[in-house]
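Note: the block below is query.txt and it holds compact mmCIF, N, CA and C atoms.
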# COMPACT_ATOMS: atom_id res chain seq x y z
N MET M 1 6.94 -26.82 18.38
CA MET M 1 5.81 -26.85 17.45
C MET M 1 4.97 -25.59 17.65
N PRO M 2 4.72 -24.82 16.57
CA PRO M 2 3.92 -23.60 16.72
C PRO M 2 2.46 -23.91 16.99
N VAL M 3 1.77 -22.95 17.56
CA VAL M 3 0.33 -23.09 17.79
C VAL M 3 -0.40 -23.15 16.45
N LEU M 4 0.03 -22.31 15.50
CA LEU M 4 -0.58 -22.27 14.17
C LEU M 4 0.52 -22.38 13.12
N ALA M 5 0.25 -23.05 12.04
CA ALA M 5 1.20 -23.14 10.93
C ALA M 5 0.64 -22.38 9.75
N THR M 6 1.27 -21.26 9.39
CA THR M 6 0.80 -20.45 8.26
C THR M 6 1.83 -20.46 7.14
N HIS M 7 1.44 -19.92 6.01
CA HIS M 7 2.32 -19.82 4.85
C HIS M 7 2.75 -18.38 4.60
N GLY M 8 2.59 -17.50 5.57
CA GLY M 8 2.93 -16.10 5.38
C GLY M 8 1.71 -15.29 4.97
N PRO M 9 1.93 -14.01 4.65
CA PRO M 9 0.80 -13.13 4.32
C PRO M 9 0.06 -13.57 3.07
N HIS M 10 -1.26 -13.51 3.13
CA HIS M 10 -2.12 -13.77 1.99
C HIS M 10 -2.58 -12.44 1.40
N HIS M 11 -3.05 -11.56 2.28
CA HIS M 11 -3.48 -10.24 1.83
C HIS M 11 -3.34 -9.24 2.97
N ILE M 12 -3.31 -7.99 2.57
CA ILE M 12 -3.28 -6.88 3.51
C ILE M 12 -4.36 -5.91 3.04
N ARG M 13 -5.12 -5.38 3.99
CA ARG M 13 -6.11 -4.36 3.63
C ARG M 13 -5.76 -3.09 4.39
N LEU M 14 -5.72 -1.98 3.66
CA LEU M 14 -5.42 -0.69 4.24
C LEU M 14 -6.69 0.14 4.31
N THR M 15 -6.88 0.84 5.41
CA THR M 15 -7.99 1.77 5.55
C THR M 15 -7.56 3.11 4.98
N VAL M 16 -8.37 3.65 4.07
CA VAL M 16 -8.04 4.91 3.40
C VAL M 16 -9.21 5.88 3.53
N THR M 17 -8.93 7.15 3.22
CA THR M 17 -9.98 8.17 3.32
C THR M 17 -10.74 8.39 2.02
N ASP M 18 -10.07 8.22 0.88
CA ASP M 18 -10.66 8.55 -0.42
C ASP M 18 -10.32 7.42 -1.40
N ILE M 19 -11.29 6.60 -1.73
CA ILE M 19 -11.03 5.43 -2.57
C ILE M 19 -10.55 5.82 -3.96
N ASP M 20 -11.10 6.86 -4.54
CA ASP M 20 -10.69 7.24 -5.89
C ASP M 20 -9.22 7.67 -5.92
N ARG M 21 -8.84 8.50 -4.98
CA ARG M 21 -7.45 8.97 -4.90
C ARG M 21 -6.49 7.82 -4.62
N SER M 22 -6.85 6.94 -3.69
CA SER M 22 -5.98 5.82 -3.34
C SER M 22 -5.91 4.79 -4.45
N ARG M 23 -7.03 4.50 -5.09
CA ARG M 23 -7.03 3.55 -6.21
C ARG M 23 -6.08 4.05 -7.30
N GLU M 24 -6.18 5.32 -7.63
CA GLU M 24 -5.32 5.90 -8.65
C GLU M 24 -3.84 5.79 -8.25
N PHE M 25 -3.52 6.05 -7.00
CA PHE M 25 -2.13 5.98 -6.54
C PHE M 25 -1.57 4.57 -6.66
N TYR M 26 -2.27 3.59 -6.12
CA TYR M 26 -1.75 2.22 -6.14
C TYR M 26 -1.74 1.63 -7.55
N ARG M 27 -2.66 2.07 -8.39
CA ARG M 27 -2.68 1.60 -9.78
C ARG M 27 -1.64 2.33 -10.63
N ASP M 28 -1.63 3.65 -10.57
CA ASP M 28 -0.81 4.44 -11.50
C ASP M 28 0.62 4.66 -11.01
N VAL M 29 0.83 4.76 -9.71
CA VAL M 29 2.19 4.97 -9.19
C VAL M 29 2.90 3.64 -8.99
N LEU M 30 2.25 2.69 -8.32
CA LEU M 30 2.90 1.41 -8.03
C LEU M 30 2.66 0.36 -9.11
N GLY M 31 1.72 0.60 -10.00
CA GLY M 31 1.50 -0.30 -11.12
C GLY M 31 0.77 -1.58 -10.79
N PHE M 32 0.02 -1.60 -9.68
CA PHE M 32 -0.72 -2.80 -9.31
C PHE M 32 -2.00 -2.90 -10.13
N ASP M 33 -2.35 -4.13 -10.50
CA ASP M 33 -3.58 -4.38 -11.25
C ASP M 33 -4.74 -4.59 -10.30
N ILE M 34 -5.88 -3.99 -10.63
CA ILE M 34 -7.10 -4.20 -9.85
C ILE M 34 -7.67 -5.56 -10.22
N VAL M 35 -7.89 -6.41 -9.21
CA VAL M 35 -8.46 -7.74 -9.46
C VAL M 35 -9.88 -7.87 -8.95
N ALA M 36 -10.32 -6.94 -8.11
CA ALA M 36 -11.70 -6.93 -7.63
C ALA M 36 -12.05 -5.51 -7.20
N GLU M 37 -13.28 -5.14 -7.48
CA GLU M 37 -13.71 -3.79 -7.13
C GLU M 37 -15.15 -3.84 -6.65
N SER M 38 -15.47 -3.03 -5.67
CA SER M 38 -16.81 -3.00 -5.13
C SER M 38 -17.81 -2.54 -6.18
N PRO M 39 -18.98 -3.17 -6.21
CA PRO M 39 -20.02 -2.69 -7.11
C PRO M 39 -20.74 -1.46 -6.56
N GLY M 40 -20.39 -1.05 -5.36
CA GLY M 40 -21.05 0.10 -4.74
C GLY M 40 -20.04 1.14 -4.28
N ARG M 41 -20.55 2.21 -3.70
CA ARG M 41 -19.72 3.30 -3.22
C ARG M 41 -19.70 3.32 -1.69
N PRO M 42 -18.60 3.73 -1.09
CA PRO M 42 -18.50 3.73 0.37
C PRO M 42 -19.42 4.73 1.06
N ASP M 43 -20.00 5.68 0.32
CA ASP M 43 -20.94 6.61 0.96
C ASP M 43 -22.30 5.97 1.17
N ASP M 44 -22.52 4.77 0.63
CA ASP M 44 -23.73 3.99 0.89
C ASP M 44 -23.49 3.19 2.16
N PRO M 45 -24.24 3.46 3.24
CA PRO M 45 -23.99 2.77 4.52
C PRO M 45 -24.03 1.24 4.42
N GLU M 46 -24.85 0.70 3.53
CA GLU M 46 -24.91 -0.75 3.39
C GLU M 46 -23.64 -1.29 2.74
N VAL M 47 -23.10 -0.57 1.78
CA VAL M 47 -21.86 -0.98 1.11
C VAL M 47 -20.68 -0.83 2.07
N ARG M 48 -20.67 0.27 2.80
CA ARG M 48 -19.56 0.61 3.69
C ARG M 48 -19.31 -0.45 4.77
N THR M 49 -20.31 -1.22 5.10
CA THR M 49 -20.17 -2.23 6.15
C THR M 49 -20.23 -3.66 5.61
N ASP M 50 -20.20 -3.82 4.29
CA ASP M 50 -20.40 -5.14 3.69
C ASP M 50 -19.08 -5.70 3.13
N PRO M 51 -18.53 -6.73 3.78
CA PRO M 51 -17.28 -7.30 3.26
C PRO M 51 -17.45 -7.93 1.88
N TYR M 52 -18.65 -8.39 1.54
CA TYR M 52 -18.88 -9.00 0.24
C TYR M 52 -18.87 -7.96 -0.89
N ARG M 53 -19.05 -6.70 -0.51
CA ARG M 53 -18.94 -5.61 -1.48
C ARG M 53 -17.67 -4.80 -1.21
N LEU M 54 -16.72 -5.45 -0.53
CA LEU M 54 -15.39 -4.89 -0.28
C LEU M 54 -15.44 -3.53 0.42
N TYR M 55 -16.51 -3.29 1.18
CA TYR M 55 -16.67 -2.05 1.94
C TYR M 55 -16.63 -0.81 1.04
N GLY M 56 -16.88 -0.99 -0.25
CA GLY M 56 -16.79 0.12 -1.19
C GLY M 56 -15.40 0.30 -1.77
N GLY M 57 -14.51 -0.62 -1.50
CA GLY M 57 -13.11 -0.49 -1.92
C GLY M 57 -12.74 -1.35 -3.10
N CYS M 58 -11.48 -1.74 -3.14
CA CYS M 58 -10.97 -2.55 -4.23
C CYS M 58 -9.81 -3.40 -3.73
N VAL M 59 -9.40 -4.35 -4.58
CA VAL M 59 -8.30 -5.25 -4.28
C VAL M 59 -7.34 -5.25 -5.46
N PHE M 60 -6.05 -5.16 -5.15
CA PHE M 60 -5.00 -5.18 -6.16
C PHE M 60 -4.20 -6.47 -6.05
N GLN M 61 -3.62 -6.87 -7.17
CA GLN M 61 -2.61 -7.93 -7.17
C GLN M 61 -1.27 -7.23 -7.07
N ALA M 62 -0.52 -7.55 -6.02
CA ALA M 62 0.81 -6.95 -5.79
C ALA M 62 1.80 -8.10 -5.68
N GLY M 63 2.23 -8.62 -6.82
CA GLY M 63 3.07 -9.82 -6.80
C GLY M 63 2.23 -10.98 -6.32
N ALA M 64 2.71 -11.71 -5.31
CA ALA M 64 1.97 -12.84 -4.75
C ALA M 64 0.97 -12.40 -3.69
N LEU M 65 0.96 -11.12 -3.35
CA LEU M 65 0.13 -10.59 -2.28
C LEU M 65 -1.09 -9.88 -2.85
N LEU M 66 -2.22 -10.01 -2.19
CA LEU M 66 -3.39 -9.19 -2.50
C LEU M 66 -3.37 -7.99 -1.56
N LEU M 67 -3.63 -6.80 -2.10
CA LEU M 67 -3.64 -5.57 -1.32
C LEU M 67 -4.99 -4.91 -1.49
N GLY M 68 -5.73 -4.83 -0.40
CA GLY M 68 -7.06 -4.24 -0.45
C GLY M 68 -7.07 -2.83 0.11
N LEU M 69 -8.00 -2.03 -0.39
CA LEU M 69 -8.23 -0.68 0.13
C LEU M 69 -9.65 -0.62 0.65
N ARG M 70 -9.79 -0.17 1.90
CA ARG M 70 -11.10 -0.04 2.54
C ARG M 70 -11.33 1.43 2.85
N PRO M 71 -12.21 2.09 2.13
CA PRO M 71 -12.39 3.54 2.27
C PRO M 71 -13.39 3.93 3.36
N VAL M 72 -13.03 3.69 4.61
CA VAL M 72 -13.95 4.00 5.70
C VAL M 72 -13.41 5.02 6.69
N ALA M 73 -12.17 5.49 6.50
CA ALA M 73 -11.61 6.49 7.41
C ALA M 73 -12.23 7.85 7.10
N PRO M 74 -12.44 8.66 8.12
CA PRO M 74 -13.02 9.98 7.88
C PRO M 74 -12.05 10.89 7.12
N ALA M 75 -12.60 11.77 6.32
CA ALA M 75 -11.78 12.75 5.60
C ALA M 75 -10.93 13.51 6.61
N GLY M 76 -9.69 13.76 6.24
CA GLY M 76 -8.79 14.49 7.12
C GLY M 76 -8.00 13.61 8.06
N ASP M 77 -8.39 12.34 8.19
CA ASP M 77 -7.63 11.41 9.04
C ASP M 77 -6.32 11.08 8.32
N SER M 78 -5.31 10.70 9.08
CA SER M 78 -4.05 10.32 8.44
C SER M 78 -3.35 9.24 9.25
N PHE M 79 -2.48 8.54 8.58
CA PHE M 79 -1.73 7.42 9.13
C PHE M 79 -0.76 7.89 10.21
N ASP M 80 -0.54 7.06 11.21
CA ASP M 80 0.44 7.34 12.26
C ASP M 80 1.21 6.06 12.54
N SER M 81 2.45 5.99 12.09
CA SER M 81 3.26 4.78 12.26
C SER M 81 3.70 4.55 13.69
N GLU M 82 3.47 5.51 14.56
CA GLU M 82 3.88 5.36 15.95
C GLU M 82 2.73 4.91 16.84
N ARG M 83 1.63 4.50 16.25
CA ARG M 83 0.52 3.90 16.99
C ARG M 83 0.59 2.40 16.81
N VAL M 84 -0.07 1.66 17.64
CA VAL M 84 -0.10 0.21 17.51
C VAL M 84 -0.66 -0.16 16.14
N GLY M 85 -0.02 -1.10 15.47
CA GLY M 85 -0.48 -1.53 14.16
C GLY M 85 0.63 -1.43 13.13
N LEU M 86 0.28 -1.08 11.97
CA LEU M 86 1.20 -1.04 10.83
C LEU M 86 2.25 0.06 11.00
N ASP M 87 3.51 -0.28 10.71
CA ASP M 87 4.58 0.71 10.65
C ASP M 87 4.77 1.15 9.20
N HIS M 88 4.95 0.19 8.30
CA HIS M 88 5.09 0.49 6.87
C HIS M 88 4.90 -0.79 6.07
N LEU M 89 4.72 -0.62 4.77
CA LEU M 89 4.69 -1.75 3.83
C LEU M 89 5.88 -1.59 2.90
N SER M 90 6.53 -2.69 2.60
CA SER M 90 7.67 -2.66 1.68
C SER M 90 7.40 -3.61 0.52
N PHE M 91 7.65 -3.10 -0.69
CA PHE M 91 7.47 -3.88 -1.90
C PHE M 91 8.83 -4.10 -2.55
N GLY M 92 9.08 -5.31 -3.00
CA GLY M 92 10.37 -5.66 -3.58
C GLY M 92 10.52 -5.21 -5.02
N VAL M 93 11.73 -4.80 -5.36
CA VAL M 93 12.13 -4.54 -6.74
C VAL M 93 13.41 -5.32 -7.00
N ASP M 94 13.82 -5.41 -8.25
CA ASP M 94 14.93 -6.28 -8.61
C ASP M 94 16.32 -5.78 -8.26
N SER M 95 16.54 -4.47 -8.29
CA SER M 95 17.91 -3.99 -8.12
C SER M 95 17.95 -2.59 -7.51
N ARG M 96 19.13 -2.21 -7.04
CA ARG M 96 19.34 -0.87 -6.51
C ARG M 96 19.06 0.16 -7.60
N GLN M 97 19.43 -0.15 -8.84
CA GLN M 97 19.17 0.77 -9.95
C GLN M 97 17.67 1.01 -10.12
N ASP M 98 16.85 0.01 -9.85
CA ASP M 98 15.40 0.20 -9.90
C ASP M 98 14.95 1.24 -8.87
N LEU M 99 15.63 1.29 -7.72
CA LEU M 99 15.31 2.29 -6.70
C LEU M 99 15.67 3.68 -7.19
N VAL M 100 16.80 3.82 -7.85
CA VAL M 100 17.23 5.11 -8.40
C VAL M 100 16.22 5.59 -9.44
N ILE M 101 15.81 4.69 -10.31
CA ILE M 101 14.82 5.04 -11.34
C ILE M 101 13.49 5.40 -10.67
N ALA M 102 13.09 4.64 -9.66
CA ALA M 102 11.83 4.93 -8.95
C ALA M 102 11.88 6.30 -8.30
N ALA M 103 13.02 6.66 -7.70
CA ALA M 103 13.15 7.99 -7.07
C ALA M 103 12.98 9.09 -8.12
N GLU M 104 13.56 8.91 -9.29
CA GLU M 104 13.41 9.89 -10.36
C GLU M 104 11.96 10.01 -10.81
N ARG M 105 11.30 8.87 -10.94
CA ARG M 105 9.90 8.88 -11.40
C ARG M 105 8.97 9.46 -10.33
N LEU M 106 9.22 9.14 -9.07
CA LEU M 106 8.41 9.73 -7.99
C LEU M 106 8.57 11.24 -7.99
N ALA M 107 9.81 11.72 -8.12
CA ALA M 107 10.05 13.17 -8.14
C ALA M 107 9.33 13.81 -9.33
N ALA M 108 9.39 13.18 -10.48
CA ALA M 108 8.73 13.72 -11.67
C ALA M 108 7.21 13.78 -11.49
N ALA M 109 6.67 12.85 -10.69
CA ALA M 109 5.23 12.82 -10.43
C ALA M 109 4.85 13.72 -9.26
N GLY M 110 5.83 14.41 -8.67
CA GLY M 110 5.55 15.31 -7.54
C GLY M 110 5.32 14.59 -6.23
N ILE M 111 5.82 13.36 -6.11
CA ILE M 111 5.65 12.58 -4.88
C ILE M 111 6.94 12.65 -4.07
N GLU M 112 6.84 13.20 -2.86
CA GLU M 112 8.00 13.30 -2.00
C GLU M 112 8.50 11.91 -1.63
N HIS M 113 9.82 11.80 -1.49
CA HIS M 113 10.41 10.51 -1.15
C HIS M 113 11.74 10.74 -0.46
N GLY M 114 12.24 9.69 0.17
CA GLY M 114 13.55 9.75 0.80
C GLY M 114 14.64 9.45 -0.21
N GLU M 115 15.84 9.31 0.32
CA GLU M 115 16.99 8.93 -0.49
C GLU M 115 17.07 7.41 -0.57
N VAL M 116 17.79 6.91 -1.55
CA VAL M 116 18.09 5.49 -1.60
C VAL M 116 19.11 5.23 -0.50
N ILE M 117 18.77 4.35 0.42
CA ILE M 117 19.62 4.04 1.57
C ILE M 117 20.09 2.60 1.47
N GLU M 118 21.38 2.40 1.55
CA GLU M 118 21.93 1.05 1.55
C GLU M 118 22.06 0.57 2.99
N MET M 119 21.50 -0.59 3.25
CA MET M 119 21.57 -1.21 4.58
C MET M 119 22.39 -2.48 4.44
N ASP M 120 23.71 -2.29 4.35
CA ASP M 120 24.63 -3.39 4.09
C ASP M 120 24.44 -4.56 5.05
N GLN M 121 24.19 -4.25 6.32
CA GLN M 121 24.07 -5.31 7.32
C GLN M 121 22.91 -6.26 7.04
N PHE M 122 21.93 -5.79 6.24
CA PHE M 122 20.79 -6.62 5.88
C PHE M 122 20.82 -7.05 4.41
N GLY M 123 21.79 -6.53 3.66
CA GLY M 123 21.91 -6.89 2.25
C GLY M 123 20.85 -6.28 1.36
N ILE M 124 20.31 -5.11 1.77
CA ILE M 124 19.25 -4.46 1.00
C ILE M 124 19.52 -2.97 0.85
N ALA M 125 18.81 -2.38 -0.09
CA ALA M 125 18.72 -0.93 -0.22
C ALA M 125 17.24 -0.60 -0.24
N ILE M 126 16.87 0.58 0.30
CA ILE M 126 15.46 0.97 0.39
C ILE M 126 15.23 2.38 -0.12
N LEU M 127 14.00 2.63 -0.51
CA LEU M 127 13.54 3.96 -0.90
C LEU M 127 12.17 4.14 -0.25
N SER M 128 12.02 5.18 0.57
CA SER M 128 10.78 5.40 1.31
C SER M 128 9.96 6.54 0.73
N PHE M 129 8.63 6.41 0.82
CA PHE M 129 7.69 7.46 0.40
C PHE M 129 6.35 7.14 1.04
N ASP M 130 5.38 8.02 0.91
CA ASP M 130 4.07 7.84 1.52
C ASP M 130 2.98 7.79 0.46
N ASP M 131 1.89 7.09 0.80
CA ASP M 131 0.72 7.11 -0.07
C ASP M 131 -0.10 8.36 0.25
N PRO M 132 -1.22 8.60 -0.42
CA PRO M 132 -1.99 9.83 -0.19
C PRO M 132 -2.51 10.02 1.23
N ASP M 133 -2.65 8.93 2.01
CA ASP M 133 -3.10 9.04 3.39
C ASP M 133 -1.93 9.06 4.37
N GLY M 134 -0.72 9.14 3.85
CA GLY M 134 0.46 9.18 4.71
C GLY M 134 0.92 7.82 5.17
N ILE M 135 0.38 6.72 4.59
CA ILE M 135 0.84 5.38 4.95
C ILE M 135 2.24 5.23 4.40
N HIS M 136 3.17 4.86 5.28
CA HIS M 136 4.57 4.74 4.89
C HIS M 136 4.77 3.51 4.00
N LEU M 137 5.35 3.75 2.83
CA LEU M 137 5.66 2.70 1.87
C LEU M 137 7.15 2.72 1.60
N GLU M 138 7.62 1.60 1.11
CA GLU M 138 9.05 1.44 0.87
C GLU M 138 9.23 0.50 -0.31
N LEU M 139 10.24 0.76 -1.10
CA LEU M 139 10.68 -0.19 -2.10
C LEU M 139 12.00 -0.76 -1.59
N THR M 140 12.19 -2.06 -1.72
CA THR M 140 13.38 -2.73 -1.22
C THR M 140 14.01 -3.55 -2.34
N ALA M 141 15.33 -3.40 -2.46
CA ALA M 141 16.08 -4.15 -3.47
C ALA M 141 17.26 -4.86 -2.81
N PRO M 142 17.63 -6.01 -3.33
CA PRO M 142 18.84 -6.69 -2.81
C PRO M 142 20.07 -5.91 -3.24
N LEU M 143 21.11 -6.00 -2.41
CA LEU M 143 22.40 -5.40 -2.77
C LEU M 143 23.28 -6.43 -3.43
What do you get writing this file as structure tokens?
Amino acid sequence: MPVLATHGPHHIRLTVTDIDRSREFYRDVLGFDIVAESPGRPDDPEVRTDPYRLYGGCVFQAGALLLGLRPVAPAGDSFDSERVGLDHLSFGVDSRQDLVIAAERLAAAGIEHGEVIEMDQFGIAILSFDDPDGIHLELTAPL
């Protein structure tokens, strides 16, 4: 019997350096809809520390998951997947062909990305790329 019984992830919040740039990326590149947005700006110290005002950030609907952006990292800071914490986020797509199309669209938008990699032993294919703060993202499709 586990100590706690959960239903899996409800939401994830990422710390970012520039809310405008990150909002645009997650909305325009990944196609997530904004479901909540701070009424204030993160340069206001009261907003920056207020969870009820989303710390000056926003929340997206990403399938069944809520994805929040918290713009409190200093300018020039960047993600490091080799530190304790998050390694990467992976978002599901329907097919390997969707990964091929995504790679073409990322390239057309000037966003660097990896190759489509088939991981037969896991029954998936992946496509890796980074958000504007260098947070490692991945699209995953069943094989």
Would you tabulate, counting all atoms listed in the file, all residues of stretch 34-74 of chain M that have an atom at most 7 Å from an atom of stretch 14-21 of chain M, showing the closest pair of atoms and their distance in Å to one decimal, sorted by chain then ascending number, as CSV?
residue,atom,partner,partner_atom,distance
M:Gly56,C,M:Ile19,CA,6.8
M:Gly57,CA,M:Ile19,CA,6.3
M:Leu67,C,M:Leu14,N,6.0
M:Gly68,C,M:Leu14,N,3.9
M:Leu69,CA,M:Leu14,N,4.5
M:Arg70,C,M:Val16,N,3.9
M:Pro71,CA,M:Val16,C,4.1
M:Val72,N,M:Val16,C,4.5
M:Ala73,N,M:Val16,C,4.2
M:Pro74,C,M:Thr17,CA,5.1
Protein, DNA and RNA residues within 12 Å of (20.6, 7.3, -2.4), only C-alpha atoms, as a list in words:
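Output of the proximity query reads Arg96, Gln97, Asp98, Leu99, Val100, Ile101, Ala102, Ala103, Glu104, His113, Gly114, Glu115, Val116, Ile117, Glu118, Met119, Ala125, Ile126, Leu127 and Ser128 of chain M.
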With N, CA and C atoms kept, could you save the residues just selected as a CSV table (one decimal), in the frame of the given file?
chain,number,residue,atom,x,y,z
M,96,ARG,N,19.1,-2.2,-7.0
M,96,ARG,CA,19.3,-0.9,-6.5
M,96,ARG,C,19.1,0.2,-7.6
M,97,GLN,N,19.4,-0.2,-8.8
M,97,GLN,CA,19.2,0.8,-10.0
M,97,GLN,C,17.7,1.0,-10.1
M,98,ASP,N,16.8,0.0,-9.8
M,98,ASP,CA,15.4,0.2,-9.9
M,98,ASP,C,15.0,1.2,-8.9
M,99,LEU,N,15.6,1.3,-7.7
M,99,LEU,CA,15.3,2.3,-6.7
M,99,LEU,C,15.7,3.7,-7.2
M,100,VAL,N,16.8,3.8,-7.8
M,100,VAL,CA,17.2,5.1,-8.4
M,100,VAL,C,16.2,5.6,-9.4
M,101,ILE,N,15.8,4.7,-10.3
M,101,ILE,CA,14.8,5.0,-11.3
M,101,ILE,C,13.5,5.4,-10.7
M,102,ALA,N,13.1,4.6,-9.7
M,102,ALA,CA,11.8,4.9,-9.0
M,102,ALA,C,11.9,6.3,-8.3
M,103,ALA,N,13.0,6.7,-7.7
M,103,ALA,CA,13.2,8.0,-7.1
M,103,ALA,C,13.0,9.1,-8.1
M,104,GLU,N,13.6,8.9,-9.3
M,104,GLU,CA,13.4,9.9,-10.4
M,104,GLU,C,12.0,10.0,-10.8
M,113,HIS,N,9.8,11.8,-1.5
M,113,HIS,CA,10.4,10.5,-1.2
M,113,HIS,C,11.7,10.7,-0.5
M,114,GLY,N,12.2,9.7,0.2
M,114,GLY,CA,13.6,9.8,0.8
M,114,GLY,C,14.6,9.4,-0.2
M,115,GLU,N,15.8,9.3,0.3
M,115,GLU,CA,17.0,8.9,-0.5
M,115,GLU,C,17.1,7.4,-0.6
M,116,VAL,N,17.8,6.9,-1.6
M,116,VAL,CA,18.1,5.5,-1.6
M,116,VAL,C,19.1,5.2,-0.5
M,117,ILE,N,18.8,4.4,0.4
M,117,ILE,CA,19.6,4.0,1.6
M,117,ILE,C,20.1,2.6,1.5
M,118,GLU,N,21.4,2.4,1.6
M,118,GLU,CA,21.9,1.0,1.6
M,118,GLU,C,22.1,0.6,3.0
M,119,MET,N,21.5,-0.6,3.2
M,119,MET,CA,21.6,-1.2,4.6
M,119,MET,C,22.4,-2.5,4.4
M,125,ALA,N,18.8,-2.4,-0.1
M,125,ALA,CA,18.7,-0.9,-0.2
M,125,ALA,C,17.2,-0.6,-0.2
M,126,ILE,N,16.9,0.6,0.3
M,126,ILE,CA,15.5,1.0,0.4
M,126,ILE,C,15.2,2.4,-0.1
M,127,LEU,N,14.0,2.6,-0.5
M,127,LEU,CA,13.5,4.0,-0.9
M,127,LEU,C,12.2,4.1,-0.2
M,128,SER,N,12.0,5.2,0.6
M,128,SER,CA,10.8,5.4,1.3
M,128,SER,C,10.0,6.5,0.7
Which one of M:His10, M:Val47, M:Ala5, M:Ile135 sits closest to M:Asp80 if you count only N, CA and C atoms?
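Checking each candidate against M:Asp80, we get M:Ile135 as the closest.
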Any idea what the distance is between atom CA of M:Phe129 and atom CA of M:Ala64?
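Result for atom CA of M:Phe129 versus atom CA of M:Ala64: 21.7 Å, one decimal.
Closest approach to M:Gly123 among M:Val3, M:Val35, M:Ala75, M:Leu143: M:Leu143, based on all atoms listed in the file.
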By how many Å are atom CA of M:Val84 and atom N of M:Gly8 apart?
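Atom N of M:Gly8 lies at a distance of 21.5 Å from atom CA of M:Val84.
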Which is closest to M:Leu86 among M:Gly31, M:Gly63, M:Ala36, M:His136, if we use all atoms listed in the file?
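For M:Leu86, the nearest of the candidates is M:His136.
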What residues in chain M get the DSSP label alpha helix (DSSP H)? Please answer as a CSV table (one decimal) with N, CA and C atoms, keeping the file's coordinate frame.
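Written output follows (out.csv):
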chain,number,residue,atom,x,y,z
M,19,ILE,N,-11.3,6.6,-1.7
M,19,ILE,CA,-11.0,5.4,-2.6
M,19,ILE,C,-10.6,5.8,-4.0
M,20,ASP,N,-11.1,6.9,-4.5
M,20,ASP,CA,-10.7,7.2,-5.9
M,20,ASP,C,-9.2,7.7,-5.9
M,21,ARG,N,-8.8,8.5,-5.0
M,21,ARG,CA,-7.4,9.0,-4.9
M,21,ARG,C,-6.5,7.8,-4.6
M,22,SER,N,-6.8,6.9,-3.7
M,22,SER,CA,-6.0,5.8,-3.3
M,22,SER,C,-5.9,4.8,-4.4
M,23,ARG,N,-7.0,4.5,-5.1
M,23,ARG,CA,-7.0,3.6,-6.2
M,23,ARG,C,-6.1,4.0,-7.3
M,24,GLU,N,-6.2,5.3,-7.6
M,24,GLU,CA,-5.3,5.9,-8.6
M,24,GLU,C,-3.8,5.8,-8.2
M,45,PRO,N,-24.2,3.5,3.2
M,45,PRO,CA,-24.0,2.8,4.5
M,45,PRO,C,-24.0,1.2,4.4
M,46,GLU,N,-24.8,0.7,3.5
M,46,GLU,CA,-24.9,-0.8,3.4
M,46,GLU,C,-23.6,-1.3,2.7
M,47,VAL,N,-23.1,-0.6,1.8
M,47,VAL,CA,-21.9,-1.0,1.1
M,47,VAL,C,-20.7,-0.8,2.1
M,48,ARG,N,-20.7,0.3,2.8
M,48,ARG,CA,-19.6,0.6,3.7
M,48,ARG,C,-19.3,-0.4,4.8
M,96,ARG,N,19.1,-2.2,-7.0
M,96,ARG,CA,19.3,-0.9,-6.5
M,96,ARG,C,19.1,0.2,-7.6
M,97,GLN,N,19.4,-0.2,-8.8
M,97,GLN,CA,19.2,0.8,-10.0
M,97,GLN,C,17.7,1.0,-10.1
M,98,ASP,N,16.8,0.0,-9.8
M,98,ASP,CA,15.4,0.2,-9.9
M,98,ASP,C,15.0,1.2,-8.9
M,99,LEU,N,15.6,1.3,-7.7
M,99,LEU,CA,15.3,2.3,-6.7
M,99,LEU,C,15.7,3.7,-7.2
M,100,VAL,N,16.8,3.8,-7.8
M,100,VAL,CA,17.2,5.1,-8.4
M,100,VAL,C,16.2,5.6,-9.4
M,101,ILE,N,15.8,4.7,-10.3
M,101,ILE,CA,14.8,5.0,-11.3
M,101,ILE,C,13.5,5.4,-10.7
M,102,ALA,N,13.1,4.6,-9.7
M,102,ALA,CA,11.8,4.9,-9.0
M,102,ALA,C,11.9,6.3,-8.3
M,103,ALA,N,13.0,6.7,-7.7
M,103,ALA,CA,13.2,8.0,-7.1
M,103,ALA,C,13.0,9.1,-8.1
M,104,GLU,N,13.6,8.9,-9.3
M,104,GLU,CA,13.4,9.9,-10.4
M,104,GLU,C,12.0,10.0,-10.8
M,105,ARG,N,11.3,8.9,-10.9
M,105,ARG,CA,9.9,8.9,-11.4
M,105,ARG,C,9.0,9.5,-10.3
M,106,LEU,N,9.2,9.1,-9.1
M,106,LEU,CA,8.4,9.7,-8.0
M,106,LEU,C,8.6,11.2,-8.0
M,107,ALA,N,9.8,11.7,-8.1
M,107,ALA,CA,10.0,13.2,-8.1
M,107,ALA,C,9.3,13.8,-9.3
M,108,ALA,N,9.4,13.2,-10.5
M,108,ALA,CA,8.7,13.7,-11.7
M,108,ALA,C,7.2,13.8,-11.5
Between atom C of M:Pro51 and atom CA of M:Glu82, what is the distance, to one decimal in Å?
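Taking atom C of M:Pro51 as the start and atom CA of M:Glu82 as the end point, the length is 28.8 Å.
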Counting all atoms listed in the file, select every polymer residue within 5 Å of (-21.6, 1.1, 0.9) as defined in the file's coordinates, and provide the selection as a VMD selection string.
chain M and resid 41 to 49
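Considering only N, CA and C atoms, the residue among M:Ala108, M:Leu65, M:Tyr55, M:Leu89 positioned nearest to M:His11 is M:Leu65.
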All residues 6 Å or closer to M:Leu54, only N, CA and C atoms, same chain fewer than 4 positions away omitted, as an NGL selection string
:M and (38 or 50 or 58 or 70)
Output N, CA and C atoms for every residue in that selection, as a tab-separated table (two decimals), keeping the file's coordinate frame.
chain	number	residue	atom	x	y	z
M	38	SER	N	-15.47	-3.03	-5.67
M	38	SER	CA	-16.81	-3.00	-5.13
M	38	SER	C	-17.81	-2.54	-6.18
M	50	ASP	N	-20.20	-3.82	4.29
M	50	ASP	CA	-20.40	-5.14	3.69
M	50	ASP	C	-19.08	-5.70	3.13
M	58	CYS	N	-11.48	-1.74	-3.14
M	58	CYS	CA	-10.97	-2.55	-4.23
M	58	CYS	C	-9.81	-3.40	-3.73
M	70	ARG	N	-9.79	-0.17	1.90
M	70	ARG	CA	-11.10	-0.04	2.54
M	70	ARG	C	-11.33	1.43	2.85
